[in-house]
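Below is my_file24.cif, holding mmCIF, C-alpha atoms.
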data_work
#
loop_
_atom_site.label_atom_id
_atom_site.label_comp_id
_atom_site.auth_asym_id
_atom_site.auth_seq_id
_atom_site.Cartn_x
_atom_site.Cartn_y
_atom_site.Cartn_z
CA ASP E 1 169.17 16.68 133.82
CA ARG E 2 165.74 15.16 133.15
CA PHE E 3 166.08 12.37 135.70
CA GLY E 4 167.12 14.84 138.40
CA MET E 5 164.13 17.06 137.65
CA ASP E 6 161.75 14.09 137.72
CA THR E 7 163.11 13.08 141.13
CA PHE E 8 162.80 16.65 142.39
CA GLU E 9 159.16 16.96 141.26
CA THR E 10 158.19 13.63 142.81
CA SER E 11 159.88 14.54 146.09
CA ILE E 12 158.29 17.98 146.37
CA ARG E 13 154.82 16.71 145.57
CA GLY E 14 155.21 13.93 148.13
CA LEU E 15 156.44 16.30 150.83
CA PHE E 16 154.28 19.37 150.36
CA GLU E 17 151.48 19.09 147.86
CA GLY E 18 148.89 16.77 149.29
CA GLN E 19 147.14 13.73 147.98
CA GLY E 20 148.27 12.01 144.81
CA VAL E 21 148.44 8.62 143.14
CA LEU E 22 151.65 6.62 142.88
CA LYS E 23 151.77 3.65 140.52
CA GLU E 24 153.53 0.57 141.93
CA GLU E 25 154.40 -2.60 140.10
CA GLU E 26 154.28 -5.87 141.99
CA SER E 27 155.54 -9.27 140.88
CA ASP E 28 152.90 -11.88 140.15
CA GLY E 29 155.08 -14.59 141.67
CA ASP E 30 156.30 -16.10 138.40
CA ASN E 31 159.75 -15.60 137.00
CA ASN E 32 158.76 -13.32 134.18
CA ASP E 33 158.94 -9.63 133.52
CA GLU E 34 155.23 -8.97 133.79
CA GLY E 35 153.77 -7.76 137.05
CA ILE E 36 150.64 -6.22 138.50
CA THR E 37 150.37 -2.43 138.53
CA ARG E 38 148.49 -0.91 141.47
CA ASP E 39 147.60 2.67 142.34
CA ARG E 40 148.58 3.75 145.83
CA VAL E 41 147.11 6.94 147.28
CA THR E 42 149.75 9.18 148.85
CA ARG E 43 149.41 12.12 151.21
CA ALA E 44 151.78 14.99 151.96
CA ILE E 45 154.39 14.25 154.62
CA ILE E 46 154.48 17.90 155.70
CA PRO E 47 151.15 19.50 156.80
CA LEU E 48 149.40 21.40 154.03
CA ARG E 49 149.46 24.77 155.77
CA GLY E 50 152.07 27.07 157.26
CA ALA E 51 155.09 28.96 155.97
CA ILE E 52 157.96 27.27 154.14
CA PHE E 53 161.55 28.51 154.29
CA VAL E 54 163.74 27.07 151.51
CA LEU E 55 167.43 26.24 151.36
CA ALA E 56 168.31 25.23 147.78
CA HIS E 57 171.85 24.11 146.94
CA SER E 58 173.48 23.91 143.52
CA ALA E 59 171.35 22.23 140.80
CA ALA E 60 168.43 22.04 143.25
CA GLY E 61 168.14 25.84 143.01
CA GLY E 62 167.61 25.62 139.26
CA GLN E 63 165.22 22.70 139.71
CA LEU E 64 163.21 24.66 142.29
CA VAL E 65 162.81 27.67 139.99
CA ARG E 66 161.84 25.46 137.03
CA TYR E 67 159.33 23.65 139.24
CA LEU E 68 157.76 26.96 140.31
CA LEU E 69 157.50 27.98 136.64
CA ASP E 70 155.17 25.05 136.10
CA GLN E 71 152.91 26.11 138.95
CA GLN E 72 150.01 28.50 138.86
CA LYS E 73 150.37 31.82 140.67
CA ASP E 74 148.35 30.56 143.65
CA ALA E 75 149.89 27.06 143.67
CA PRO E 76 150.21 25.40 147.09
CA LEU E 77 154.01 25.49 147.32
CA LEU E 78 154.64 28.96 145.89
CA SER E 79 151.98 30.62 148.03
CA ARG E 80 153.57 29.19 151.20
CA ILE E 81 157.19 30.18 150.52
CA ARG E 82 158.26 33.03 152.78
CA CYS E 83 162.03 32.92 152.27
CA ILE E 84 164.61 31.31 149.95
CA THR E 85 168.35 30.93 150.42
CA PHE E 86 170.30 29.74 147.38
CA THR E 87 173.80 28.31 147.79
CA ASP E 88 175.78 28.13 144.52
CA SER E 89 172.46 27.81 142.69
CA THR E 90 172.24 27.21 138.94
CA HIS E 91 169.02 29.15 138.28
CA SER E 92 168.63 32.26 136.11
CA ILE E 93 166.15 35.13 136.32
CA GLN E 94 166.12 35.13 132.51
CA TRP E 95 163.78 32.14 132.77
CA LEU E 96 161.29 34.38 134.59
CA LYS E 97 160.64 37.21 132.15
CA ARG E 98 156.96 36.22 131.89
CA HIS E 99 156.65 35.31 135.56
CA PRO E 100 157.12 38.54 137.55
CA HIS E 101 155.54 37.07 140.71
CA ILE E 102 158.41 34.55 140.95
CA SER E 103 161.10 36.94 139.73
CA THR E 104 160.08 39.49 142.35
CA LEU E 105 160.26 36.91 145.14
CA ILE E 106 163.76 35.65 144.32
CA GLN E 107 165.17 39.18 144.05
CA SER E 108 163.47 40.55 147.16
CA SER E 109 164.83 40.94 150.69
CA LYS E 110 163.33 37.51 151.40
CA ALA E 111 165.90 35.87 149.12
CA LEU E 112 169.64 35.43 149.65
CA TYR E 113 172.34 34.00 147.38
CA VAL E 114 175.38 32.49 149.11
CA ARG E 115 178.31 31.67 146.83
CA SER E 116 181.62 29.91 147.21
CA ALA E 117 184.72 31.65 145.86
CA ASN E 118 186.60 30.70 142.72
CA ARG E 119 190.37 30.79 143.26
CA MET E 120 191.06 31.71 139.63
CA ARG E 121 188.33 34.28 138.91
CA ASP E 122 187.54 36.03 142.21
CA ASP E 123 189.82 38.80 143.44
CA ASP E 124 190.61 39.20 147.14
CA TRP E 125 188.38 36.24 148.08
CA GLU E 126 190.85 35.12 150.76
CA ASN E 127 190.11 38.27 152.78
CA ALA E 128 186.33 37.78 152.70
CA SER E 129 184.42 36.31 155.64
CA PRO E 130 181.15 34.37 155.49
CA GLY E 131 178.34 36.88 154.99
CA ASP E 132 180.45 39.64 153.39
CA GLU E 133 178.74 41.03 150.30
CA CYS E 134 180.12 39.96 146.93
CA PRO E 135 180.90 42.38 144.14
CA LYS E 136 178.53 41.77 141.21
CA ASP E 137 179.53 42.35 137.60
CA HIS E 138 177.23 42.73 134.60
CA PHE E 139 177.19 38.99 133.88
CA TRP E 140 176.22 38.14 137.45
CA SER E 141 173.44 40.73 137.55
CA HIS E 142 172.13 39.60 134.16
CA ARG E 143 171.84 36.02 135.39
CA PHE E 144 170.78 36.45 139.03
CA GLY E 145 169.32 39.95 139.13
CA ASP E 146 169.25 42.12 142.25
CA ILE E 147 169.36 39.31 144.80
CA LYS E 148 171.61 40.03 147.78
CA THR E 149 174.78 37.98 147.24
CA VAL E 150 177.28 37.11 149.95
CA TRP E 151 180.38 34.94 150.32
CA ALA E 152 180.03 31.46 151.79
CA GLY E 153 183.52 31.57 153.28
CA THR E 154 184.93 28.65 151.28
CA THR E 155 186.23 27.73 147.84
CA GLU E 156 184.67 24.27 148.13
CA HIS E 157 181.29 24.08 146.42
CA SER E 158 180.15 21.11 148.51
CA LEU E 159 180.95 22.93 151.78
CA SER E 160 179.05 26.17 151.12
CA ASN E 161 176.03 25.10 153.20
CA TRP E 162 178.25 24.23 156.14
CA THR E 163 180.59 27.22 156.22
CA ALA E 164 177.66 29.62 155.79
CA HIS E 165 175.20 27.81 158.07
CA LYS E 166 175.07 30.60 160.67
CA LEU E 167 174.26 33.37 158.20
CA ILE E 168 171.73 31.11 156.44
CA TRP E 169 169.81 30.45 159.66
CA ASP E 170 170.16 34.10 160.73
CA HIS E 171 168.47 35.06 157.45
CA PHE E 172 165.66 32.56 158.10
CA ASP E 173 165.22 33.88 161.65
CA GLU E 174 165.06 37.49 160.45
CA ILE E 175 162.37 36.80 157.84
CA ARG E 176 160.51 34.51 160.23
CA GLY E 177 160.42 37.31 162.78
CA GLN E 178 159.00 39.70 160.19
CA THR E 179 156.36 37.10 159.26
CA ASN E 180 155.38 36.58 162.89
CA GLU E 181 155.12 40.36 163.44
CA TYR E 182 152.80 40.63 160.44
CA PHE E 183 150.48 37.92 161.73
CA ALA E 184 150.58 39.34 165.27
CA GLU E 185 149.55 42.75 163.92
CA ARG E 186 146.81 41.16 161.80
CA ASN E 187 145.54 39.27 164.81
CA GLY E 188 145.44 42.53 166.76
CA ARG E 189 143.29 44.14 164.10
CA ALA E 190 140.90 41.20 164.38
CA ASN E 191 139.94 42.22 167.93
CA ASN E 192 142.52 39.89 169.48
CA ILE E 193 140.57 36.78 168.44
CA ASP E 194 142.87 33.81 169.02
CA SER E 195 142.54 31.73 165.83
CA ILE E 196 144.78 28.87 164.76
CA ASP E 197 144.23 29.95 161.14
CA GLU E 198 145.90 33.29 161.87
CA LYS E 199 149.12 31.79 163.19
CA GLU E 200 151.68 30.44 160.76
CA ASP E 201 153.56 27.26 161.48
CA THR E 202 156.99 27.02 159.92
CA ASP E 203 158.58 24.27 157.85
CA VAL E 204 162.03 24.25 156.33
CA MET E 205 162.63 22.65 152.96
CA MET E 206 166.24 21.76 152.24
CA THR E 207 167.14 20.74 148.70
CA VAL E 208 170.75 19.66 148.41
CA GLU E 209 172.89 18.34 145.57
CA CYS E 210 176.24 16.91 146.79
CA LEU E 211 179.17 16.62 144.42
CA ASN E 212 181.27 13.46 144.43
CA ASP E 213 184.75 14.90 144.65
CA GLY E 214 187.79 13.29 146.19
CA ASN E 215 186.90 14.38 149.72
CA SER E 216 183.16 14.11 149.37
CA GLN E 217 182.56 11.36 151.94
CA ASP E 218 183.23 13.60 154.93
CA ASN E 219 181.58 16.57 153.23
CA GLU E 220 178.37 14.68 152.53
CA LYS E 221 178.17 13.55 156.15
CA ARG E 222 178.21 17.21 157.13
CA ILE E 223 175.62 18.58 154.76
CA SER E 224 173.50 15.79 153.34
CA LYS E 225 171.22 15.68 156.39
CA GLU E 226 170.39 18.40 158.86
CA ARG E 227 168.25 18.12 161.96
CA VAL E 228 165.74 20.93 161.66
CA HIS E 229 163.74 22.27 164.59
CA ILE E 230 161.87 25.49 164.00
CA GLY E 231 158.78 26.19 166.04
CA THR E 232 157.34 22.83 167.00
CA LYS E 233 158.09 20.79 163.87
CA PRO E 234 161.39 18.88 163.73
CA PHE E 235 162.04 16.76 160.67
CA ILE E 236 164.90 15.51 158.50
CA ILE E 237 165.21 15.93 154.75
#
Take the structure from the file and write it as structure tokens.
Amino acid sequence: DRFGMDTFETSIRGLFEGQGVLKEEESDGDNNDEGITRDRVTRAIIPLRGAIFVLAHSAAGGQLVRYLLDQQKDAPLLSRIRCITFTDSTHSIQWLKRHPHISTLIQSSKALYVRSANRMRDDDWENASPGDECPKDHFWSHRFGDIKTVWAGTTEHSLSNWTAHKLIWDHFDEIRGQTNEYFAERNGRANNIDSIDEKEDTDVMMTVECLNDGNSQDNEKRISKERVHIGTKPFII
């Protein structure tokens, strides 16, 4: 969906990628369709340094991967991503044949795919608990590669973030701990010099697409906004 991708790109640039120019149209006071276009300088809402841990749900997972494809290898967002959790994501590693630096990231131990069960196609799903590993057939591996894939603990697509929230945050905490250990060791090799540049702050980027099903009102209240507090930076997306 082109409009969805445009919205995604604008949002990510506004949140994470620094200064830009946004064109705004203002009315000239008369009742006609012509207005005055002005350029407004924008700045990133989230500080331009520190690690980013990503939770990407549904179509937002595909939009994230497509967005990263348009970036250079050392682009601001890609270079800051330390961990990605996909929930029922629509991406495919087949898009990444010429982009091994992205393909490697989303199939590494830093990436996790959480999927809801399909009542018709998945065998024995009712006996699976959130976090249990999913069997992967040839089709699944062809599309998503070697990414660790686990059950969300629900058959409801729009509830996968909620039912799997503990294992999602446990995954973030595990990778965050590994990142902190790396920087602590690097600091030690630098003769214990205490430098703010050697310590990573942590931000969490949540990209969520909610489906409008019959029971979506309560579901959206649960998952559309999450209060995030990791390290010293709480914010809502």
Computed interatomic separation between atom CA of Trp151 of chain E and atom CA of Gln107 of chain E (Å)
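Answer for the atom CA of Trp151 of chain E to atom CA of Gln107 of chain E separation: 17.0 Å.
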Evaluate the PyMOL selection byres ((chain E and resi 55-66) around 9) and record the selected residues as number ranges by chain, following the chain and residue labels used in the document.
E: 4-5, 8-9, 53-54, 67-70, 83-93, 95-96, 102, 157-158, 160-161, 168, 204-210
Evaluate the PyMOL selection byres ((chain E and resi 125-133) around 9) and report residues as a PDB file with C-alpha atoms, in the frame of the given file:
ATOM      1  CA  VAL E 114     175.380  32.490 149.110  1.00  0.00           C
ATOM      2  CA  ALA E 117     184.720  31.650 145.860  1.00  0.00           C
ATOM      3  CA  ASN E 118     186.600  30.700 142.720  1.00  0.00           C
ATOM      4  CA  ARG E 119     190.370  30.790 143.260  1.00  0.00           C
ATOM      5  CA  ASP E 122     187.540  36.030 142.210  1.00  0.00           C
ATOM      6  CA  ASP E 123     189.820  38.800 143.440  1.00  0.00           C
ATOM      7  CA  ASP E 124     190.610  39.200 147.140  1.00  0.00           C
ATOM      8  CA  CYS E 134     180.120  39.960 146.930  1.00  0.00           C
ATOM      9  CA  PRO E 135     180.900  42.380 144.140  1.00  0.00           C
ATOM     10  CA  LYS E 148     171.610  40.030 147.780  1.00  0.00           C
ATOM     11  CA  THR E 149     174.780  37.980 147.240  1.00  0.00           C
ATOM     12  CA  VAL E 150     177.280  37.110 149.950  1.00  0.00           C
ATOM     13  CA  TRP E 151     180.380  34.940 150.320  1.00  0.00           C
ATOM     14  CA  ALA E 152     180.030  31.460 151.790  1.00  0.00           C
ATOM     15  CA  GLY E 153     183.520  31.570 153.280  1.00  0.00           C
ATOM     16  CA  THR E 154     184.930  28.650 151.280  1.00  0.00           C
ATOM     17  CA  THR E 155     186.230  27.730 147.840  1.00  0.00           C
ATOM     18  CA  THR E 163     180.590  27.220 156.220  1.00  0.00           C
ATOM     19  CA  ALA E 164     177.660  29.620 155.790  1.00  0.00           C
ATOM     20  CA  LYS E 166     175.070  30.600 160.670  1.00  0.00           C
ATOM     21  CA  LEU E 167     174.260  33.370 158.200  1.00  0.00           C
ATOM     22  CA  ILE E 168     171.730  31.110 156.440  1.00  0.00           C
TER      23      ILE E 168
END
Figure out the distance between atom CA of Arg49 of chain E and atom CA of Arg80 of chain E, please, to one decimal in Å.
7.6 Å
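Restricting the calculation to all atoms listed in the file, the smallest distance between Lys110 of chain E and any of E:Ile52, E:Gln71, E:Arg98, E:Leu159 is found for E:Ile52.
What separates atom CA of Thr104 of chain E from atom CA of Arg2 of chain E is a distance of 26.6 Å.
Proximity of E:Leu112, E:Met120, E:Leu15, E:Leu105 to Arg82 of chain E, computed with all atoms listed in the file, is greatest for E:Leu105.
Considering the residues E:Phe144, E:Gly50, E:Asp6, E:Asp173 and counting all atoms listed in the file, Gln94 of chain E has its shortest atom-to-atom contact with E:Phe144.
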My list of candidates is E:Ile147, E:Phe16, E:Ser11, E:Glu174. Which is closest to Pro76 of chain E when distances are computed with all atoms listed in the file?
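Among the listed residues, E:Phe16 lies closest to Pro76 of chain E.
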Pick from E:Lys97, E:Gly145, E:Lys136, E:Ser79: nearest to Ala111 of chain E, with only C-alpha atoms counted?
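With only C-alpha atoms as the atom set, the closest residue is E:Gly145.
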Could you please fill out segment 158-169 of chain E with all heavy atoms and send it back as a JSON list (two decimals), in the coordinates of the input?
[["chain", "number", "residue", "atom", "x", "y", "z"],
["E", 158, "SER", "N", 180.92, 22.04, 147.68],
["E", 158, "SER", "CA", 180.15, 21.11, 148.51],
["E", 158, "SER", "C", 180.12, 21.51, 149.98],
["E", 158, "SER", "O", 179.36, 20.93, 150.76],
["E", 158, "SER", "CB", 180.69, 19.68, 148.38],
["E", 158, "SER", "OG", 182.06, 19.63, 148.75],
["E", 159, "LEU", "N", 180.93, 22.49, 150.38],
["E", 159, "LEU", "CA", 180.95, 22.93, 151.78],
["E", 159, "LEU", "C", 180.21, 24.25, 152.01],
["E", 159, "LEU", "O", 180.17, 24.73, 153.15],
["E", 159, "LEU", "CB", 182.41, 23.08, 152.27],
["E", 159, "LEU", "CG", 183.18, 21.78, 152.54],
["E", 159, "LEU", "CD1", 184.60, 22.10, 152.97],
["E", 159, "LEU", "CD2", 182.49, 20.94, 153.60],
["E", 160, "SER", "N", 179.64, 24.82, 150.97],
["E", 160, "SER", "CA", 179.05, 26.17, 151.12],
["E", 160, "SER", "C", 177.90, 26.20, 152.12],
["E", 160, "SER", "O", 177.73, 27.18, 152.85],
["E", 160, "SER", "CB", 178.59, 26.70, 149.76],
["E", 160, "SER", "OG", 177.69, 25.81, 149.13],
["E", 161, "ASN", "N", 177.11, 25.13, 152.19],
["E", 161, "ASN", "CA", 176.03, 25.10, 153.20],
["E", 161, "ASN", "C", 176.60, 25.09, 154.61],
["E", 161, "ASN", "O", 176.03, 25.71, 155.52],
["E", 161, "ASN", "CB", 175.15, 23.87, 153.00],
["E", 161, "ASN", "CG", 174.14, 24.03, 151.88],
["E", 161, "ASN", "OD1", 174.14, 25.03, 151.20],
["E", 161, "ASN", "ND2", 173.31, 23.03, 151.70],
["E", 162, "TRP", "N", 177.69, 24.37, 154.79],
["E", 162, "TRP", "CA", 178.25, 24.23, 156.14],
["E", 162, "TRP", "C", 178.95, 25.49, 156.61],
["E", 162, "TRP", "O", 178.69, 25.97, 157.72],
["E", 162, "TRP", "CB", 179.22, 23.05, 156.18],
["E", 162, "TRP", "CG", 179.96, 22.95, 157.48],
["E", 162, "TRP", "CD1", 181.28, 23.18, 157.70],
["E", 162, "TRP", "CD2", 179.39, 22.63, 158.77],
["E", 162, "TRP", "NE1", 181.57, 23.03, 159.02],
["E", 162, "TRP", "CE2", 180.44, 22.69, 159.70],
["E", 162, "TRP", "CE3", 178.11, 22.29, 159.20],
["E", 162, "TRP", "CZ2", 180.24, 22.42, 161.06],
["E", 162, "TRP", "CZ3", 177.92, 22.03, 160.55],
["E", 162, "TRP", "CH2", 178.97, 22.09, 161.45],
["E", 163, "THR", "N", 179.84, 26.05, 155.78],
["E", 163, "THR", "CA", 180.59, 27.22, 156.22],
["E", 163, "THR", "C", 179.70, 28.45, 156.40],
["E", 163, "THR", "O", 180.02, 29.35, 157.18],
["E", 163, "THR", "CB", 181.71, 27.56, 155.23],
["E", 163, "THR", "OG1", 181.15, 27.77, 153.93],
["E", 163, "THR", "CG2", 182.72, 26.42, 155.15],
["E", 164, "ALA", "N", 178.58, 28.47, 155.70],
["E", 164, "ALA", "CA", 177.66, 29.62, 155.79],
["E", 164, "ALA", "C", 176.43, 29.31, 156.62],
["E", 164, "ALA", "O", 175.46, 30.07, 156.59],
["E", 164, "ALA", "CB", 177.24, 30.04, 154.38],
["E", 165, "HIS", "N", 176.44, 28.23, 157.40],
["E", 165, "HIS", "CA", 175.20, 27.81, 158.07],
["E", 165, "HIS", "C", 174.67, 28.87, 159.04],
["E", 165, "HIS", "O", 173.47, 29.06, 159.14],
["E", 165, "HIS", "CB", 175.39, 26.46, 158.80],
["E", 165, "HIS", "CG", 176.29, 26.51, 159.98],
["E", 165, "HIS", "ND1", 177.67, 26.37, 159.88],
["E", 165, "HIS", "CD2", 176.02, 26.67, 161.30],
["E", 165, "HIS", "CE1", 178.20, 26.44, 161.09],
["E", 165, "HIS", "NE2", 177.23, 26.62, 161.96],
["E", 166, "LYS", "N", 175.56, 29.60, 159.71],
["E", 166, "LYS", "CA", 175.07, 30.60, 160.67],
["E", 166, "LYS", "C", 174.34, 31.73, 159.96],
["E", 166, "LYS", "O", 173.24, 32.13, 160.38],
["E", 166, "LYS", "CB", 176.22, 31.17, 161.49],
["E", 166, "LYS", "CG", 175.73, 32.15, 162.57],
["E", 166, "LYS", "CD", 176.88, 32.70, 163.40],
["E", 166, "LYS", "CE", 176.33, 33.56, 164.54],
["E", 166, "LYS", "NZ", 175.49, 34.68, 164.05],
["E", 167, "LEU", "N", 174.93, 32.25, 158.89],
["E", 167, "LEU", "CA", 174.26, 33.37, 158.20],
["E", 167, "LEU", "C", 172.99, 32.91, 157.50],
["E", 167, "LEU", "O", 172.03, 33.68, 157.37],
["E", 167, "LEU", "CB", 175.22, 34.06, 157.23],
["E", 167, "LEU", "CG", 175.70, 33.32, 156.00],
["E", 167, "LEU", "CD1", 174.86, 33.69, 154.78],
["E", 167, "LEU", "CD2", 177.17, 33.66, 155.71],
["E", 168, "ILE", "N", 172.95, 31.64, 157.06],
["E", 168, "ILE", "CA", 171.73, 31.11, 156.44],
["E", 168, "ILE", "C", 170.59, 31.09, 157.45],
["E", 168, "ILE", "O", 169.49, 31.55, 157.19],
["E", 168, "ILE", "CB", 171.98, 29.70, 155.87],
["E", 168, "ILE", "CG1", 172.91, 29.78, 154.66],
["E", 168, "ILE", "CG2", 170.66, 29.03, 155.49],
["E", 168, "ILE", "CD1", 173.42, 28.42, 154.19],
["E", 169, "TRP", "N", 170.86, 30.54, 158.65],
["E", 169, "TRP", "CA", 169.81, 30.45, 159.66],
["E", 169, "TRP", "C", 169.47, 31.82, 160.24],
["E", 169, "TRP", "O", 168.32, 32.06, 160.62],
["E", 169, "TRP", "CB", 170.22, 29.48, 160.76],
["E", 169, "TRP", "CG", 170.26, 28.08, 160.23],
["E", 169, "TRP", "CD1", 171.37, 27.34, 159.93],
["E", 169, "TRP", "CD2", 169.14, 27.25, 159.90],
["E", 169, "TRP", "NE1", 171.00, 26.12, 159.44],
["E", 169, "TRP", "CE2", 169.65, 26.03, 159.41],
["E", 169, "TRP", "CE3", 167.76, 27.42, 159.98],
["E", 169, "TRP", "CZ2", 168.83, 24.99, 158.99],
["E", 169, "TRP", "CZ3", 166.94, 26.39, 159.56],
["E", 169, "TRP", "CH2", 167.48, 25.19, 159.08]]
